[in-house]
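Asker: Below you'll find the structure I mean.
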Amino acid sequence: MDADDEDSYDGISRNFSHFAKRTDFTHKRSRRDSETTVFDDGTNTFFWRAHTISVLLTVILTLIYVVFIEEQNGNFEYNVKRGLIAGAFMFLSFGITQAKDGPFIRPHPALWRLVLCVSVLYELGLVFLLFQTVSDARMILTYADPTLNKPLDFRAYGGSCVVYDSGHPDGPWHNLFDKMDIFVIGHLVGWFFKALILRDFWLTNVISFGFELLEYTFEHQLPNFSECWWDHWVLDFLICNGTGIFLGMMYVKYLSIKEYKWRGLWKIHSYRGKMRRVVGQFSPYSWVKFKWKPTENLYRWFFVSILVFMFLLAELNTFYLKFVLWVPPDHPFVTFRLVLYVFWGLVAVREAYDFAGNIAKSFGQQAWILCAIITTEFMIVIKFGSDVLAIPFPVYIKWFWLSLFFLYLFWSVWRFQMKFPRFRHWFKTVMKDVKQRNAKATAGSDLSDEGSCWSEREQNSSMRRRTTFAS
């Protein structure tokens with residue numbers, strides 16, 4: 001590689017201010033204080049242009065092929081499946097070209113439009129399942145995978161909680177190694193992406209801690225939640241979840257200090273520079289530091305509380321949907337849903353953060369549909385798993401969550417009682433009216449007392465006159 005070519009690309013990061021003065025194609029963009037500064041030369045290649053006509057022609061040609069060239073098939077089930085797939089394909093084709101762009105544009109805005117449209121299709125499928133019976137819903141899933149619709153024996157991780165058993169034939173550490181399965185890696189990777197979604201160390205740990213409490217709460221209903229204490233707090237919370245959160249926050253820190261300088265691919269002369277530019281296309285265009293500040297005011301406190309609640313509800317839905325629909329934990333459906341949730345969560349939480357900070361005037365489209373998805377999944381769980389949910393909670397669980405709820409309310413009132421200007425004004429107005437009414441009532445009672453005293457004096461004087469007259 002030529003040294004001059006390398007300097008032409010890497011020299012930007014070493015002395016960009018001087019470079020910007022000597023060239024007129026670079027402009028600076030900064031949308032807010034918490035967002036990194038972006039330098040973009042404004043290159044708009046064929047890759048970035050809208051291809052609405054191209055997509056439309058592709059769809060029309062596909063339909064022409066189906067009608068005039070492809071042989072007809074008389075199988076009803078085959079035609080129904082192909083019709084549903086074709087309808088979804090038509091909807092996605094429309095969505096990736098016509099849907100509104102979200103906050104992300106890398107690697108391409110069409111990808112995030114596709115993510116949005118897939119979430120809409122998923123929500124439509126959930127609504128359709130919601131109107132079925134549980135047996136019909138399980139049977140419908142067999143159209144996608146004939147191996148489903150079979151009762152499952154979900155594994156319980158509890159039982160013997162001895163860490164070191166010297167007399168066991170499988171080795172003294174058999175109980176620890178027995179808990180080490182593929183889901184350990186799933187925990188670590190999952191919380192890595194959750195840290196990227198929330199971009200806050202403490203908030204992510206609060207959700208991680210809260211979910212371990214939920215596993216204790218619902219272990220009498222779902223066997224998957226039955227674990228040893230060290231499996232909950234050491235293996236899951238500290239090692240798997242903690243490592244994933246730590247690595248995620250390290251990557252968040254890197255993205256927050258990274259320099260975002262974009263040049264057109266054809267304006268970079270070195271091959272190394274071109275490869276770096278291609279790889280950089282799959283990184284964020286810019287980065288926004290999340291500052292949730294849940295205790296800043298009452299609005300943000302309740303907003304972050306609802307965010308945590310929706311996160312935990314989505315986590316619970318994962319386990320309960322598998323249980324009521326008889327889907328094995330390692331089934332591709334489960335993995336595909338979790339992957340989709342990563343993409344949906346990245347956009348939805350960013351839109352929710354913008355809405356909470358008054359950056360966006362309306363609730364984002366991806367955040368809206370994701371809230372609908374989580375709620376619909378929960379409705380399916382309630383409808384199809386009513387027999388499971390009807391299993392009564394232990395008394396100590398009820399008292400724990402009742403105490404925690406009242407503690408939450410008490411702390412909220414105590415923390416924000418001095419930040420209710422409208423409530424304080426209303427309360428002062430009410431108290432002023434009460435005092436005025438009491439004063440009027442007191443004045444009226446005094447007048448009535450004076451009137452009664454005057455009437456008594458008149459009666460006594462009249463009696464004396466009558467007595468004198470009689471004598």
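Simple scheme: letters A, B, ... for chains in structure tokens order, numbers from 1 for residues in each chain, numbers from 1 for ligands in the order shown.
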Report the closest atom pair, with its distance in Å rounded to one decimal, for each residue of segment 215-313 of chain A that has an atom no farther than 10 Å from segment 142-154 of chain A; count only C-alpha atoms, sort by chain and then rising residue number, and write it as a tab-separated table.

Answerer:
```
residue	atom	partner	partner_atom	distance
A:Leu222	CA	A:Phe154	CA	8.2
A:Pro223	CA	A:Phe154	CA	6.2
A:Asn224	CA	A:Phe154	CA	6.4
```

Asker: Residues near segment 273-280 of chain A, anyone? I mean within 8 Å using only C-alpha atoms, not counting same-chain ones fewer than 2 positions away, as a PyMOL selection string.

Answerer: chain A and resi 6+9+262-263+265+268-271+282-283

Asker: Residues of the last selection are to be written out with C-alpha atoms, as a PDB file, in the first residue's frame.

Answerer:
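What ended up in out_5.pdb:
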```pdb
ATOM      1  CA  GLU A   6      -2.588   5.856   3.775  1.00  0.00           C
ATOM      2  CA  TYR A   9      -7.286   8.553   4.842  1.00  0.00           C
ATOM      3  CA  TRP A 262     -17.538   9.441   6.935  1.00  0.00           C
ATOM      4  CA  ARG A 263     -16.198   9.739   3.408  1.00  0.00           C
ATOM      5  CA  LEU A 265     -15.914   4.991  -0.785  1.00  0.00           C
ATOM      6  CA  ILE A 268     -10.676   6.871  -0.505  1.00  0.00           C
ATOM      7  CA  HIS A 269      -7.647   5.827  -2.554  1.00  0.00           C
ATOM      8  CA  SER A 270      -6.065   3.053  -0.454  1.00  0.00           C
ATOM      9  CA  TYR A 271      -7.398  -0.487  -0.321  1.00  0.00           C
ATOM     10  CA  PHE A 282     -22.021  -1.702   9.763  1.00  0.00           C
ATOM     11  CA  SER A 283     -21.257   0.521  12.743  1.00  0.00           C
TER      12      SER A 283
END
```

Asker: Kindly provide the residues of segment 164-280 of chain A that approach segment 284-304 of chain A to within 12 Å, each paired with its closest atom pair and their distance in Å to one decimal, based on only C-alpha atoms, listed by chain and increasing number, as JSON lines.

Answerer:
```
{"residue": "A:Ala195", "atom": "CA", "partner": "A:Phe290", "partner_atom": "CA", "distance": 11.2}
{"residue": "A:Leu196", "atom": "CA", "partner": "A:Phe290", "partner_atom": "CA", "distance": 10.4}
{"residue": "A:Ile197", "atom": "CA", "partner": "A:Phe290", "partner_atom": "CA", "distance": 9.8}
{"residue": "A:Leu198", "atom": "CA", "partner": "A:Phe290", "partner_atom": "CA", "distance": 7.5}
{"residue": "A:Arg199", "atom": "CA", "partner": "A:Phe290", "partner_atom": "CA", "distance": 5.9}
{"residue": "A:Asp200", "atom": "CA", "partner": "A:Phe290", "partner_atom": "CA", "distance": 6.9}
{"residue": "A:Phe201", "atom": "CA", "partner": "A:Phe290", "partner_atom": "CA", "distance": 10.5}
{"residue": "A:Trp202", "atom": "CA", "partner": "A:Trp292", "partner_atom": "CA", "distance": 10.4}
{"residue": "A:Leu203", "atom": "CA", "partner": "A:Trp292", "partner_atom": "CA", "distance": 8.7}
{"residue": "A:Thr204", "atom": "CA", "partner": "A:Val304", "partner_atom": "CA", "distance": 11.6}
{"residue": "A:Val206", "atom": "CA", "partner": "A:Val304", "partner_atom": "CA", "distance": 11.3}
{"residue": "A:Ile207", "atom": "CA", "partner": "A:Val304", "partner_atom": "CA", "distance": 11.2}
{"residue": "A:Met249", "atom": "CA", "partner": "A:Lys289", "partner_atom": "CA", "distance": 11.4}
{"residue": "A:Tyr251", "atom": "CA", "partner": "A:Trp287", "partner_atom": "CA", "distance": 11.6}
{"residue": "A:Val252", "atom": "CA", "partner": "A:Lys289", "partner_atom": "CA", "distance": 8.6}
{"residue": "A:Lys253", "atom": "CA", "partner": "A:Lys289", "partner_atom": "CA", "distance": 9.1}
{"residue": "A:Tyr254", "atom": "CA", "partner": "A:Trp287", "partner_atom": "CA", "distance": 10.1}
{"residue": "A:Leu255", "atom": "CA", "partner": "A:Trp287", "partner_atom": "CA", "distance": 6.5}
{"residue": "A:Ser256", "atom": "CA", "partner": "A:Trp287", "partner_atom": "CA", "distance": 5.9}
{"residue": "A:Ile257", "atom": "CA", "partner": "A:Trp287", "partner_atom": "CA", "distance": 8.8}
{"residue": "A:Lys258", "atom": "CA", "partner": "A:Trp287", "partner_atom": "CA", "distance": 8.6}
{"residue": "A:Glu259", "atom": "CA", "partner": "A:Ser286", "partner_atom": "CA", "distance": 8.7}
{"residue": "A:Tyr260", "atom": "CA", "partner": "A:Ser286", "partner_atom": "CA", "distance": 6.3}
{"residue": "A:Lys261", "atom": "CA", "partner": "A:Tyr285", "partner_atom": "CA", "distance": 8.8}
{"residue": "A:Trp262", "atom": "CA", "partner": "A:Tyr285", "partner_atom": "CA", "distance": 8.4}
{"residue": "A:Arg263", "atom": "CA", "partner": "A:Tyr285", "partner_atom": "CA", "distance": 11.8}
{"residue": "A:Arg277", "atom": "CA", "partner": "A:Tyr285", "partner_atom": "CA", "distance": 11.9}
{"residue": "A:Val279", "atom": "CA", "partner": "A:Pro284", "partner_atom": "CA", "distance": 11.0}
{"residue": "A:Gly280", "atom": "CA", "partner": "A:Pro284", "partner_atom": "CA", "distance": 8.1}
```

Asker: Considering only C-alpha atoms, can you say which of A:Lys81, A:Arg113, A:Lys267, A:Lys194 comes closest to Gly345 of chain A?

Answerer: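 Of A:Lys81, A:Arg113, A:Lys267, A:Lys194, the one nearest Gly345 of chain A, counting only C-alpha atoms, is A:Lys194.
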
Asker: List every residue of segment 65-234 of chain A that DSSP, applied to the backbone of this structure, places in alpha helix (DSSP H), and write the result as a VMD selection string.

Answerer: chain A and resid 76 to 98 109 to 130 134 to 141 174 to 178 182 to 198 201 to 218 229 to 230

Asker: Restricting the calculation to only C-alpha atoms: of A:Ile380, A:Leu238, A:Ile140, A:Leu124, which residue gets closest to Tyr320 of chain A?

Answerer: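 Closest candidate: A:Ile380.
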
Asker: Which one is closest to Gly364 of chain A: A:Leu188, A:Ala110, A:Met250, A:Leu116? Count only C-alpha atoms.

Answerer: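 Selected residue with least distance to Gly364 of chain A: A:Leu116.
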
Asker: Could you list, as a VMD selection string, every residue within 9 Å of Ala314 of chain A, counting only C-alpha atoms and ignoring same-chain residues fewer than 3 positions away?

Answerer: chain A and resid 309 to 311 317 to 318 374 to 375 377 to 378

Asker: Measuring atom to atom with only C-alpha atoms, identify which of A:Thr429, A:Asp330, A:Val308, A:Glu219 is nearest to Asp181 of chain A.

Answerer: A:Asp330

Asker: Measuring atom to atom with only C-alpha atoms, identify which of A:Met431, A:Val134, A:Leu235, A:Ala352 is nearest to Lys383 of chain A.

Answerer: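 Comparing A:Met431, A:Val134, A:Leu235, A:Ala352 against Lys383 of chain A, the winner is A:Val134.
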
Asker: Please compute the atom CA of Phe193 of chain A-atom CA of Val342 of chain A distance, one decimal, in Å.

Answerer: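 The value is 6.8 Å.
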
Asker: Which of these residues is nearest to Gly264 of chain A, using only C-alpha atoms: A:Glu227, A:Ser208, A:Gln281, A:Thr376?

Answerer: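 Distance minimum relative to Gly264 of chain A lands on A:Gln281.
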